[in-house]
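The block underneath contains the structure these notes are about, expressed in structure tokens.
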Amino acid sequence: MCCISTRLAEHLIDTCELRPEAIARTIEALKELRAQATAMGVEIFRAVATSAVRDSRNRRVFLKAAKEVLGFPVRLLSGAEEADTIFAGVTADPHWHGKDLFILDIGGGSAEWVQGHHGKLERRISLPLGAVRLRERFLHEYPVAHDTAALLIETVRGQISHPLSHYSLGARRLVGTGGTVTCLAAIEKELADFDPRKIDHTSLSIEQIRKLMHRFCGMTLEQLGKLPGLPPKRIDLIIPGTAVVLATMEFLGAKRLYVSVRGLRYGVLTAAMRESEPKAGSTARRHPAKNRA
């Protein structure tokens with residue numbers, strides 16, 4: 001899957017509006033993806049927008065520009081719909097299908113927590129605790145002090161304690177999706193080149209993640225940028241994202257986090273494939289395309 005980071009949620013917390021520069025970057029990315037899909041002969045398209053767009057006052061400006069570029073409307077997901085789609089993406093994986101899972105997905109603007117039992121969704125919630133938002137609120141200089149990181153973890157834990165008060169890990173496995181989780185796995189394995197096959201279904205203990213956080217806090221942005229497994233676009237997001245992981249694990253009492261490279265995009269893809277399944281007697285094959293704004 002092609003992944004282009006545009007940081008649409010950048011500075012959203014300050015103005016409650018999408019910045020023109022962020023909109024422009026995202027529109028350019030949509031143009032590129034649309035062109036690639038057309039060149040591949042794609043006939044069915046899907047595009048969804050999540051936290052940054054739904055929380056912005058000028059969302060209509062972005063959605064209109066996106067529709068003009070794509071040639072079809074972008075579907076704006078609610079927080080609940082985003083969580084539902086993430087659950088669908090993870091559980092479409094045969095490895096996790098039908099299992100008891102507790103899923104954590106960390107995006108730029110929001111994070112989602114989904115509790116499932118035997119492959120069925122039980123509870124889900126979306127909160128504005130994405131890595132970009134947390135960085136802008138709490139991290140203003142590097143290296144990040146250990147006390148600052150500890151305060152950030154405690155703050156996130158306080159933010160999730162009431163909303164997740166009726167959730168329970170129990171015998172479920174905690175599965176993480178999104179850039180933070182995959183980067184943590186890649187960094188732990190020192191993968192110079194990202195290979196999803198080498199991290200999918202692997203796991204990290206809470207002790208390993210705490211050690212990684214301790215390591216991150218002693219590094220400048222330049223030093224973080226030299227870590228194998230950490231791409232440039234996530235250098236300043238790895239600490240706030242890791243804080244959400246640790247806060248969640250501590251709150252739930254989880255000792256281990258399992259990695260899934262599937263998430264919202266796979267959920268959108270799964271739904272598109274089901275919708276486009278040929279009816280009886282039809283032999284047409286169509287290929288859906290998707291993008292997360």
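Here's how to read the names in the structure tokens: chain A, B, ... by the order shown, residue numbers from 1 in each chain, ligand numbers from 1 in the order shown.
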
Please return, as a ChimeraX atom specification, all residues of region 196-266 of chain A that DSSP assigns to alpha helix (DSSP H) on the basis of the backbone. /A:206-217,221-224,238-252,264-266

Can you tell me which residues surround Thr91 (chain A) at a distance of at most 9 Å, considering only C-alpha atoms, apart from same-chain residues fewer than 4 positions away, and format the answer as a VMD selection string? chain A and resid 86 to 87 95 to 99 101 119 262 267

Output file for the selection above: C-alpha atoms, as an mmCIF file, in the first residue's frame:
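The file below, result_16.cif, is the result:
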data_model
loop_
_atom_site.group_PDB
_atom_site.id
_atom_site.type_symbol
_atom_site.label_atom_id
_atom_site.label_comp_id
_atom_site.auth_asym_id
_atom_site.auth_seq_id
_atom_site.Cartn_x
_atom_site.Cartn_y
_atom_site.Cartn_z
ATOM 1 C CA ILE A 86 -10.192 -0.275 12.228
ATOM 2 C CA PHE A 87 -11.688 -3.348 13.908
ATOM 3 C CA HIS A 95 -4.382 -14.574 12.081
ATOM 4 C CA TRP A 96 -6.735 -12.526 14.270
ATOM 5 C CA HIS A 97 -10.102 -13.577 12.875
ATOM 6 C CA GLY A 98 -12.489 -14.786 15.568
ATOM 7 C CA LYS A 99 -10.024 -14.054 18.396
ATOM 8 C CA LEU A 101 -8.862 -8.790 20.947
ATOM 9 C CA GLY A 119 -14.408 -11.638 16.460
ATOM 10 C CA ARG A 262 -3.628 -3.746 9.160
ATOM 11 C CA GLY A 267 -11.062 -1.923 6.851
#

If we count only C-alpha atoms, what is near Glu17 (chain A) at a cut-off of 9 Å, once residues fewer than 4 positions away on the same chain are taken out, given as a list in words? Ala9, His11, Leu12, Ile13, Ala52, Val53, Asp55, Ser56, Arg57, Asn58 and Arg59 of chain A

For the structure I just gave you, how does DSSP split region 141-256 of chain A - specifically, which residues are strand (DSSP E or B)? Reply as a PyMOL selection string. chain A and resi 173-177+203-205+256

Which polymer residues have any atom within 12 Å of an atom of Glu222 (chain A), counting only C-alpha atoms, with same-chain residues fewer than 2 positions away left out, as a JSON list (two decimals) with N, CA and C atoms, in the first residue's frame?
[["chain", "number", "residue", "atom", "x", "y", "z"],
["A", 142, "TYR", "N", 13.75, 19.38, 22.23],
["A", 142, "TYR", "CA", 14.41, 18.08, 22.22],
["A", 142, "TYR", "C", 15.87, 18.28, 22.63],
["A", 143, "PRO", "N", 16.46, 17.30, 23.35],
["A", 143, "PRO", "CA", 15.86, 16.06, 23.80],
["A", 143, "PRO", "C", 14.70, 16.30, 24.77],
["A", 216, "PHE", "N", 14.54, 7.09, 23.71],
["A", 216, "PHE", "CA", 14.10, 8.23, 22.89],
["A", 216, "PHE", "C", 14.31, 9.56, 23.62],
["A", 218, "GLY", "N", 16.49, 10.62, 25.56],
["A", 218, "GLY", "CA", 17.84, 11.16, 25.63],
["A", 218, "GLY", "C", 18.40, 11.60, 24.30],
["A", 219, "MET", "N", 17.54, 11.69, 23.28],
["A", 219, "MET", "CA", 18.03, 11.94, 21.92],
["A", 219, "MET", "C", 17.49, 13.23, 21.32],
["A", 220, "THR", "N", 18.34, 13.88, 20.55],
["A", 220, "THR", "CA", 17.90, 15.03, 19.77],
["A", 220, "THR", "C", 17.12, 14.53, 18.56],
["A", 224, "LEU", "N", 17.44, 10.93, 16.78],
["A", 224, "LEU", "CA", 16.28, 10.08, 16.53],
["A", 224, "LEU", "C", 16.19, 9.69, 15.06],
["A", 225, "GLY", "N", 16.55, 10.64, 14.20],
["A", 225, "GLY", "CA", 16.48, 10.40, 12.77],
["A", 225, "GLY", "C", 17.45, 9.35, 12.28],
["A", 226, "LYS", "N", 18.42, 8.99, 13.10],
["A", 226, "LYS", "CA", 19.40, 7.97, 12.71],
["A", 226, "LYS", "C", 19.03, 6.58, 13.19],
["A", 227, "LEU", "N", 17.91, 6.48, 13.92],
["A", 227, "LEU", "CA", 17.50, 5.17, 14.41],
["A", 227, "LEU", "C", 16.97, 4.31, 13.27],
["A", 230, "LEU", "N", 12.96, 4.05, 12.12],
["A", 230, "LEU", "CA", 12.16, 5.27, 12.37],
["A", 230, "LEU", "C", 12.28, 6.20, 11.16],
["A", 231, "PRO", "N", 11.23, 6.28, 10.34],
["A", 231, "PRO", "CA", 11.28, 7.13, 9.15],
["A", 231, "PRO", "C", 11.25, 8.62, 9.51],
["A", 232, "PRO", "N", 11.79, 9.48, 8.66],
["A", 232, "PRO", "CA", 11.85, 10.92, 8.95],
["A", 232, "PRO", "C", 10.50, 11.53, 9.32],
["A", 235, "ILE", "N", 9.78, 11.13, 13.19],
["A", 235, "ILE", "CA", 10.81, 11.42, 14.19],
["A", 235, "ILE", "C", 10.23, 12.14, 15.41],
["A", 236, "ASP", "N", 9.44, 13.18, 15.17],
["A", 236, "ASP", "CA", 8.91, 13.98, 16.29],
["A", 236, "ASP", "C", 7.60, 13.44, 16.84]]

Could you tell me which of A:Thr242, A:Ser260, A:Thr148, A:Ser51 comes closest to Glu10 (chain A) if we count only C-alpha atoms?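 So, comparing all the options, the nearest one is A:Ser51.
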
What does the structure give for the distance between CA of Gly179 (chain A) and CA of His118 (chain A), in Å to one decimal? 26.0 Å

Could you tell me which of A:Ala47, A:Ile23, A:Val259, A:Met249 comes closest to Arg197 (chain A) if we count only C-alpha atoms?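 The answer is A:Val259, which sits nearest to Arg197 (chain A).
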
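Residue nearest Ala271 (chain A), chosen from A:Gln208, A:Thr50, A:Ser126, A:Thr85 and counting only C-alpha atoms: A:Thr85.
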
Region 75-84 of chain A surroundings by only C-alpha atoms, 9 Å radius, close-in-sequence under 6 positions cut, as a PDB file with N, CA and C atoms, in the first residue's frame:
ATOM      1  N   ARG A  46     -12.423   4.515  -3.062  1.00  0.00           N
ATOM      2  CA  ARG A  46     -12.929   4.869  -1.752  1.00  0.00           C
ATOM      3  C   ARG A  46     -11.948   5.848  -1.117  1.00  0.00           C
ATOM      4  N   ALA A  47     -12.471   6.860  -0.475  1.00  0.00           N
ATOM      5  CA  ALA A  47     -11.636   7.789   0.293  1.00  0.00           C
ATOM      6  C   ALA A  47     -12.398   8.168   1.547  1.00  0.00           C
ATOM      7  N   VAL A  48     -11.697   8.158   2.669  1.00  0.00           N
ATOM      8  CA  VAL A  48     -12.331   8.528   3.926  1.00  0.00           C
ATOM      9  C   VAL A  48     -11.495   9.587   4.631  1.00  0.00           C
ATOM     10  N   ALA A  49     -12.171  10.403   5.411  1.00  0.00           N
ATOM     11  CA  ALA A  49     -11.505  11.411   6.236  1.00  0.00           C
ATOM     12  C   ALA A  49     -11.823  11.098   7.692  1.00  0.00           C
ATOM     13  N   THR A  50     -10.853  11.393   8.562  1.00  0.00           N
ATOM     14  CA  THR A  50     -11.035  11.025   9.965  1.00  0.00           C
ATOM     15  C   THR A  50     -10.906  12.246  10.883  1.00  0.00           C
ATOM     16  N   SER A  51     -10.199  12.092  11.970  1.00  0.00           N
ATOM     17  CA  SER A  51     -10.198  13.049  13.070  1.00  0.00           C
ATOM     18  C   SER A  51      -9.924  14.498  12.670  1.00  0.00           C
ATOM     19  N   VAL A  53     -10.257  16.165   9.945  1.00  0.00           N
ATOM     20  CA  VAL A  53     -11.320  16.801   9.165  1.00  0.00           C
ATOM     21  C   VAL A  53     -12.589  16.969   9.994  1.00  0.00           C
ATOM     22  N   ARG A  54     -12.979  15.934  10.718  1.00  0.00           N
ATOM     23  CA  ARG A  54     -14.236  16.033  11.469  1.00  0.00           C
ATOM     24  C   ARG A  54     -14.144  17.052  12.605  1.00  0.00           C
ATOM     25  N   LEU A  63     -13.139  19.159   2.028  1.00  0.00           N
ATOM     26  CA  LEU A  63     -13.930  18.115   1.378  1.00  0.00           C
ATOM     27  C   LEU A  63     -14.305  18.504  -0.045  1.00  0.00           C
ATOM     28  N   ASP A 105      -5.401   1.852  18.141  1.00  0.00           N
ATOM     29  CA  ASP A 105      -4.909   2.474  16.910  1.00  0.00           C
ATOM     30  C   ASP A 105      -4.567   3.926  17.219  1.00  0.00           C
ATOM     31  N   SER A 110      -6.330  11.485  16.379  1.00  0.00           N
ATOM     32  CA  SER A 110      -7.084  10.729  17.382  1.00  0.00           C
ATOM     33  C   SER A 110      -6.471   9.359  17.603  1.00  0.00           C
ATOM     34  N   ALA A 111      -6.953   8.712  18.651  1.00  0.00           N
ATOM     35  CA  ALA A 111      -6.602   7.312  18.914  1.00  0.00           C
ATOM     36  C   ALA A 111      -7.904   6.581  19.188  1.00  0.00           C
ATOM     37  N   GLU A 112      -7.926   5.307  18.831  1.00  0.00           N
ATOM     38  CA  GLU A 112      -9.127   4.496  19.005  1.00  0.00           C
ATOM     39  C   GLU A 112      -8.816   3.261  19.845  1.00  0.00           C
ATOM     40  N   TRP A 113      -9.782   2.907  20.693  1.00  0.00           N
ATOM     41  CA  TRP A 113      -9.693   1.711  21.524  1.00  0.00           C
ATOM     42  C   TRP A 113     -10.918   0.858  21.214  1.00  0.00           C
ATOM     43  N   VAL A 114     -10.708  -0.410  20.879  1.00  0.00           N
ATOM     44  CA  VAL A 114     -11.808  -1.288  20.485  1.00  0.00           C
ATOM     45  C   VAL A 114     -11.696  -2.611  21.227  1.00  0.00           C
ATOM     46  N   LEU A 121     -17.325  -7.077  17.704  1.00  0.00           N
ATOM     47  CA  LEU A 121     -17.034  -5.827  18.389  1.00  0.00           C
ATOM     48  C   LEU A 121     -17.982  -5.639  19.565  1.00  0.00           C
ATOM     49  N   ARG A 124     -16.287   0.412  21.651  1.00  0.00           N
ATOM     50  CA  ARG A 124     -15.251   1.173  20.952  1.00  0.00           C
ATOM     51  C   ARG A 124     -15.398   2.640  21.277  1.00  0.00           C
ATOM     52  N   ILE A 125     -14.256   3.338  21.226  1.00  0.00           N
ATOM     53  CA  ILE A 125     -14.256   4.766  21.505  1.00  0.00           C
ATOM     54  C   ILE A 125     -13.103   5.426  20.756  1.00  0.00           C
ATOM     55  N   SER A 126     -13.320   6.664  20.362  1.00  0.00           N
ATOM     56  CA  SER A 126     -12.292   7.467  19.698  1.00  0.00           C
ATOM     57  C   SER A 126     -12.090   8.736  20.517  1.00  0.00           C
ATOM     58  N   LEU A 127     -10.828   9.051  20.833  1.00  0.00           N
ATOM     59  CA  LEU A 127     -10.518  10.233  21.628  1.00  0.00           C
ATOM     60  C   LEU A 127      -9.459  11.076  20.904  1.00  0.00           C
ATOM     61  N   LEU A 264      -7.198   0.896   9.622  1.00  0.00           N
ATOM     62  CA  LEU A 264      -8.317   1.562   8.972  1.00  0.00           C
ATOM     63  C   LEU A 264      -8.323   1.369   7.455  1.00  0.00           C
ATOM     64  N   GLY A 267      -9.633  -1.866   6.611  1.00  0.00           N
ATOM     65  CA  GLY A 267     -11.062  -1.923   6.851  1.00  0.00           C
ATOM     66  C   GLY A 267     -11.851  -1.318   5.711  1.00  0.00           C
TER      67      GLY A 267
END

Here is a test: counting only C-alpha atoms, which residue of A:Leu139, A:Val42, A:Leu18, A:Leu191 is nearest to Gly229 (chain A)? A:Leu191

Have a look at CA of Glu207 (chain A) and CA of Arg123 (chain A) and let me know their distance in Å, one decimal.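 Separation between CA of Glu207 (chain A) and CA of Arg123 (chain A): 27.5 Å.
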
Within 8 Å of Ala247 (chain A), counting only C-alpha atoms, which residues show up once you throw out same-chain ones fewer than 2 positions away? Write them as a list of chain:residue names, please. A:Ile153, A:Glu154, A:Val156, A:Arg157, A:Ala243, A:Val244, A:Val245, A:Met249, A:Glu250, A:Phe251
